[in-house]
Protein chains: 2
Amino acid sequence: MTDTAPRVTTRSRENTRARLLDAAAEVFAEVGLDAASVEAVCERAGFTRGAFYSNFESKDELFLELSARVAGERVDAVKARVAELEAGGGFALAPTDALGIVEEVLDVSGDDRLGVLLMSEIRNHALRSPALAAAYLAQEEEMVRGVTQIIDDIARAKTLRFRVPPEQAARLMLTTWESASVRAAMAGLDYEAMCRRTSEEIARVAQLIIEPPTA
Amino acid sequence: MTDTAPRVTTRSRENTRARLLDAAAEVFAEVGLDAASVEAVCERAGFTRGAFYSNFESKDELFLELSARVAGERVDAVKARVAELEAGGGFALAPTDALGIVEEVLDVSGDDRLGVLLMSEIRNHALRSPALAAAYLAQEEEMVRGVTQIIDDIARAKTLRFRVPPEQAARLMLTTWESASVRAAMAGLDYEAMCRRTSEEIARVAQLIIEPPTA
DNA sequence: TGTATCCGATACATAGGTGTATCGTATGGT
DNA sequence: ACCATACGATACACCTATGTATCGGATACA
């Protein structure tokens with residue numbers, strides 16, 4: 001590796017960073033950012049604090065990076081779904097079966113309970129940190145773009161008409177999804193029931209948005 | 001006060017409790033529950049920790065009580081609005097002016113930035129504490145009941161028709177409101193702009209829900 | 001006015017977390 | 001195979017928060 005790069009620090013360091021990030025995701029989701037000690041994160045990852053401070057400057061920096069990672073993952077998942085839909089276009093559902101469509105799009109971001117907790121944690125802290133807020137809002141906009149496209153694609157494929165512009169529909173879907181996930185997690189439902197209930201809630205909104213065929 | 005009550009501890013104690021609760025609301029909103037030290041709360045209230053531990057058992061207990069208080073206040077505000085509408089019924093707006101209606105109903109819960117932060121904090125912790133979760137969900141249900149009634153009243157007064165049952169409409173309004181408030185607070189908008197933007201967002205949803213007159 | 005009681009302040013003991021400085025070792029390059 | 005370096009472990013000093021136990025003063029009631 002006689003690269004132009006001044007330093008080749010990328011040996012197993014990336015691995016350590018990744019393990020710390022994974023552990024942090026778990027611990028932060030479980031007890032929250034502020035209640036989570038650096039030591040707890042390290043213990044979970046199988047390191048000591050020496051490793052931590054060798055890789056990150058502070059807990060906040062790690063949290064920022066973690067937030068960026070999960071945001072990126074979510075956006076990527078949606079984008080992948082868009083590509084999938086545009087490539088295949090293999091939808092064989094009845095146009096009015098909103099729930100079916102929703103479920104098919106939804107399982108992309110199969111959100112477990114911890115995922116919901118982590119996102120909530122990020123959202124909560126974004127309210128106080130301008131840097132996090134900017135990242136959070138940007139990610140949300142990206143999500144809107146992706147979902148808007150999905151809606152567009154589906155509408156075109158099925159020749160559906162909407163009562164609102166696709167972008168607004170996308171926003172509605174996303175906020176409904178967010179709030180439904182949180183409510184489900186709060187009610188302590190297991191994963192399956194959680195998904196079911198979330199789907200139903202979103203499907204209701206979808207049915208409201210979709211213009212019924214003028215038969 | 002030779003009451004039947006076994007103990008008449010209610011001298012100025014209630015005052016102290018109230019002041020501590022007020023201070024806690026501020027501090028928790030500003031830095032979050034976990035980052036807020038008991039000492040910070042006491043300092044804000046003008047007391048020392050002695051007063052705190054004389055009135056509350058722990059920070060968590062205080063938070064639980066605070067949550068109950070703000071939840072009660074919100075529900076009361078909505079209920080008062082319901083009573084106001086049912087008593088007066090003085091709506092002189094055009095039926096299609098969704099934004100006008102929304103604004104008139106909305107200013108009830110004139111939410112400042114700190115209020116949003118505090119609610120977010122409560123919501124976030126409710127995800128991990130069953131007791132808080134139960135309280136939070138119960139409050140939300142009460143809010144839904146109130147808003148449902150408001151929607152019903154308005155609909156009756158204006159002979160509007162909806163595309164969805166009033167209860168679902170209420171849920172949609174509330175989740176939209178919640179998410180819009182959070183987004184506004186995140187974007188760092190001032191109070192006025194925040195209200196305006198939130199109103200617009202809700203009005204759009206209202207317009208979607210309201211069935212247009214079949215002219 | 002005297003007295004008992006309640007309430008908040010003060011002082012103290014302790015724990016847990018943080019960040020840094022140093023050390024030993026594994027690894028990569030030649 | 002050797003050397004240099006990077007990486008993570010260990011140890012240390014500091015600090016902040018917590019909870020309790022005790023003290024002093026104010027207040028209610030006679």
# chains A, B, ... in the order shown; residues from 1 in each chain; ligands from 1

$ residues_around --residues "Met186 (chain B)" --least-positions-apart "4" --cutoff "8 Å" --atoms "only C-alpha atoms (C1' of nucleotides)" --output "list in words"
Ala126, Leu127, Arg128, Pro130, Ala133 and Leu137 of chain A; Val182 of chain B

$ closest_atom_pairs --of "chain C" --to "chain A" --cutoff "12 Å" --atoms "only C-alpha atoms (C1' of nucleotides)" --output "Markdown table"
| residue | atom | partner | partner_atom | distance |
| --- | --- | --- | --- | --- |
| C:DG16 | C1' | A:Ser37 | CA | 9.7 |
| C:DG17 | C1' | A:Ser37 | CA | 7.2 |
| C:DT18 | C1' | A:Val38 | CA | 8.8 |
| C:DG19 | C1' | A:Tyr53 | CA | 8.5 |
| C:DT20 | C1' | A:Tyr53 | CA | 9.6 |
| C:DA21 | C1' | A:Gly50 | CA | 11.1 |
| C:DT22 | C1' | A:Gly50 | CA | 11.6 |
| C:DA26 | C1' | A:Ser12 | CA | 11.3 |
| C:DT27 | C1' | A:Arg11 | CA | 8.8 |
| C:DG28 | C1' | A:Arg11 | CA | 9.0 |
| C:DG29 | C1' | A:Met1 | CA | 9.7 |

$ interface_residues --of "chain A" --to "chain D" --cutoff "9 Å" --atoms "only C-alpha atoms (C1' of nucleotides)" --output "list in words"
Thr9, Arg13, Phe47, Thr48, Arg49, Gly50, Ala51, Phe52 and Ser54 of chain A

$ write_last_selection --atoms "C-alpha atoms" --output "PDB file, in the first residue's frame"
ATOM      1  CA  THR A   9      -4.143   3.401   9.680  1.00  0.00           C
ATOM      2  CA  ARG A  13      -8.802  -0.340  13.239  1.00  0.00           C
ATOM      3  CA  PHE A  47     -12.756  -3.581  24.768  1.00  0.00           C
ATOM      4  CA  THR A  48     -11.563  -1.256  27.429  1.00  0.00           C
ATOM      5  CA  ARG A  49     -11.760   2.481  27.416  1.00  0.00           C
ATOM      6  CA  GLY A  50      -8.277   2.655  26.040  1.00  0.00           C
ATOM      7  CA  ALA A  51      -9.564   1.380  22.732  1.00  0.00           C
ATOM      8  CA  PHE A  52     -12.395   3.836  22.812  1.00  0.00           C
ATOM      9  CA  SER A  54      -7.905   5.731  20.787  1.00  0.00           C
TER      10      SER A  54
END

$ select_by_dssp --residues "region 148-206 of chain B" --states "helix (DSSP H, G or I)" --output "ChimeraX atom specification"
/B:148-158,166-187,191-206

$ write_last_selection --atoms "N, CA and C atoms" --output "tab-separated table (two decimals), in the first residue's frame"
chain	number	residue	atom	x	y	z
B	148	THR	N	-61.30	14.34	18.76
B	148	THR	CA	-62.41	13.72	18.04
B	148	THR	C	-63.69	14.52	18.26
B	149	GLN	N	-63.90	14.89	19.50
B	149	GLN	CA	-65.10	15.63	19.82
B	149	GLN	C	-65.08	17.01	19.15
B	150	ILE	N	-63.92	17.63	19.17
B	150	ILE	CA	-63.82	18.93	18.51
B	150	ILE	C	-64.16	18.79	17.03
B	151	ILE	N	-63.59	17.79	16.42
B	151	ILE	CA	-63.85	17.58	15.00
B	151	ILE	C	-65.33	17.34	14.76
B	152	ASP	N	-65.89	16.53	15.62
B	152	ASP	CA	-67.33	16.24	15.53
B	152	ASP	C	-68.13	17.53	15.61
B	153	ASP	N	-67.80	18.33	16.61
B	153	ASP	CA	-68.54	19.58	16.82
B	153	ASP	C	-68.44	20.48	15.60
B	154	ILE	N	-67.23	20.66	15.15
B	154	ILE	CA	-67.04	21.53	13.99
B	154	ILE	C	-67.80	21.00	12.79
B	155	ALA	N	-67.69	19.71	12.61
B	155	ALA	CA	-68.37	19.11	11.46
B	155	ALA	C	-69.87	19.36	11.53
B	156	ARG	N	-70.41	19.19	12.73
B	156	ARG	CA	-71.85	19.37	12.88
B	156	ARG	C	-72.22	20.83	12.65
B	157	ALA	N	-71.44	21.71	13.24
B	157	ALA	CA	-71.75	23.14	13.11
B	157	ALA	C	-71.64	23.58	11.65
B	158	LYS	N	-70.73	23.00	10.96
B	158	LYS	CA	-70.51	23.46	9.58
B	158	LYS	C	-71.05	22.50	8.55
B	166	PRO	N	-64.14	10.24	12.40
B	166	PRO	CA	-63.56	11.36	13.15
B	166	PRO	C	-62.38	10.95	14.03
B	167	GLU	N	-62.47	9.76	14.58
B	167	GLU	CA	-61.39	9.36	15.48
B	167	GLU	C	-60.08	9.20	14.72
B	168	GLN	N	-60.17	8.60	13.57
B	168	GLN	CA	-58.94	8.46	12.78
B	168	GLN	C	-58.43	9.82	12.35
B	169	ALA	N	-59.36	10.69	12.02
B	169	ALA	CA	-58.96	12.05	11.66
B	169	ALA	C	-58.23	12.70	12.82
B	170	ALA	N	-58.75	12.50	14.02
B	170	ALA	CA	-58.11	13.08	15.20
B	170	ALA	C	-56.70	12.55	15.36
B	171	ARG	N	-56.53	11.25	15.21
B	171	ARG	CA	-55.19	10.67	15.34
B	171	ARG	C	-54.25	11.26	14.31
B	172	LEU	N	-54.73	11.39	13.11
B	172	LEU	CA	-53.89	11.96	12.06
B	172	LEU	C	-53.48	13.38	12.41
B	173	MET	N	-54.44	14.15	12.88
B	173	MET	CA	-54.13	15.52	13.24
B	173	MET	C	-53.06	15.56	14.33
B	174	LEU	N	-53.24	14.71	15.33
B	174	LEU	CA	-52.31	14.76	16.47
B	174	LEU	C	-50.91	14.32	16.07
B	175	THR	N	-50.82	13.26	15.29
B	175	THR	CA	-49.47	12.83	14.90
B	175	THR	C	-48.83	13.87	13.98
B	176	THR	N	-49.63	14.45	13.12
B	176	THR	CA	-49.09	15.49	12.25
B	176	THR	C	-48.59	16.66	13.08
B	177	TRP	N	-49.39	17.01	14.05
B	177	TRP	CA	-49.03	18.13	14.90
B	177	TRP	C	-47.74	17.84	15.65
B	178	GLU	N	-47.66	16.67	16.22
B	178	GLU	CA	-46.48	16.27	16.98
B	178	GLU	C	-45.24	16.36	16.10
B	179	SER	N	-45.33	15.72	14.98
B	179	SER	CA	-44.14	15.66	14.13
B	179	SER	C	-43.78	17.03	13.57
B	180	ALA	N	-44.77	17.83	13.27
B	180	ALA	CA	-44.49	19.17	12.75
B	180	ALA	C	-43.84	20.02	13.83
B	181	SER	N	-44.31	19.91	15.05
B	181	SER	CA	-43.72	20.67	16.14
B	181	SER	C	-42.25	20.30	16.31
B	182	VAL	N	-42.01	19.02	16.31
B	182	VAL	CA	-40.63	18.57	16.50
B	182	VAL	C	-39.74	19.07	15.37
B	183	ARG	N	-40.25	18.97	14.15
B	183	ARG	CA	-39.44	19.40	13.03
B	183	ARG	C	-39.17	20.90	13.11
B	184	ALA	N	-40.19	21.64	13.51
B	184	ALA	CA	-40.01	23.09	13.63
B	184	ALA	C	-38.98	23.41	14.69
B	185	ALA	N	-39.09	22.74	15.83
B	185	ALA	CA	-38.14	23.00	16.91
B	185	ALA	C	-36.72	22.63	16.47
B	186	MET	N	-36.64	21.58	15.69
B	186	MET	CA	-35.32	21.16	15.23
B	186	MET	C	-34.72	22.16	14.28
B	187	ALA	N	-35.55	22.71	13.44
B	187	ALA	CA	-35.06	23.68	12.46
B	187	ALA	C	-34.70	24.99	13.14
B	191	TYR	N	-40.77	31.06	17.71
B	191	TYR	CA	-42.10	30.62	18.09
B	191	TYR	C	-43.13	30.91	17.01
B	192	GLU	N	-43.09	32.13	16.51
B	192	GLU	CA	-44.12	32.54	15.55
B	192	GLU	C	-44.05	31.71	14.27
B	193	ALA	N	-42.85	31.64	13.71
B	193	ALA	CA	-42.68	30.88	12.48
B	193	ALA	C	-43.03	29.42	12.70
B	194	MET	N	-42.70	28.96	13.88
B	194	MET	CA	-42.97	27.57	14.24
B	194	MET	C	-44.46	27.29	14.19
B	195	CYS	N	-45.25	28.17	14.80
B	195	CYS	CA	-46.69	28.00	14.81
B	195	CYS	C	-47.23	28.06	13.39
B	196	ARG	N	-46.73	28.99	12.63
B	196	ARG	CA	-47.24	29.16	11.27
B	196	ARG	C	-47.02	27.89	10.46
B	197	ARG	N	-45.80	27.41	10.53
B	197	ARG	CA	-45.47	26.24	9.73
B	197	ARG	C	-46.28	25.02	10.19
B	198	THR	N	-46.41	24.88	11.49
B	198	THR	CA	-47.18	23.76	12.01
B	198	THR	C	-48.63	23.84	11.54
B	199	SER	N	-49.17	25.05	11.61
B	199	SER	CA	-50.55	25.24	11.17
B	199	SER	C	-50.72	24.82	9.72
B	200	GLU	N	-49.82	25.29	8.90
B	200	GLU	CA	-49.92	24.96	7.47
B	200	GLU	C	-49.93	23.46	7.25
B	201	GLU	N	-49.03	22.81	7.96
B	201	GLU	CA	-48.91	21.37	7.76
B	201	GLU	C	-50.21	20.66	8.18
B	202	ILE	N	-50.74	21.10	9.27
B	202	ILE	CA	-51.98	20.47	9.74
B	202	ILE	C	-53.13	20.81	8.82
B	203	ALA	N	-53.13	22.04	8.35
B	203	ALA	CA	-54.22	22.44	7.47
B	203	ALA	C	-54.24	21.59	6.20
B	204	ARG	N	-53.07	21.27	5.70
B	204	ARG	CA	-53.02	20.42	4.51
B	204	ARG	C	-53.67	19.08	4.78
B	205	VAL	N	-53.38	18.53	5.94
B	205	VAL	CA	-53.98	17.24	6.29
B	205	VAL	C	-55.49	17.40	6.44
B	206	ALA	N	-55.87	18.50	7.06
B	206	ALA	CA	-57.31	18.73	7.25
B	206	ALA	C	-58.01	18.78	5.90

$ closest_residue --among "A:Glu121, A:Glu84, A:Glu43, A:Asp190" --to "chain B" --atoms "only C-alpha atoms"
A:Glu121

$ closest_residue --among "B:Leu66, B:Met143, B:Ala36, B:Leu21" --to "chain A" --atoms "only C-alpha atoms"
B:Ala36

$ closest_residue --among "B:Gly188, B:Gly146, B:Gly46, B:Gly115" --to "chain A" --atoms "only C-alpha atoms"
B:Gly188

$ atom_distance --atom1 "CA of Ala25 (chain A)" --atom2 "CA of Leu62 (chain A)"
10.0 Å

$ atom_distance --atom1 "CA of Arg74 (chain B)" --atom2 "CA of Arg17 (chain B)"
20.1 Å
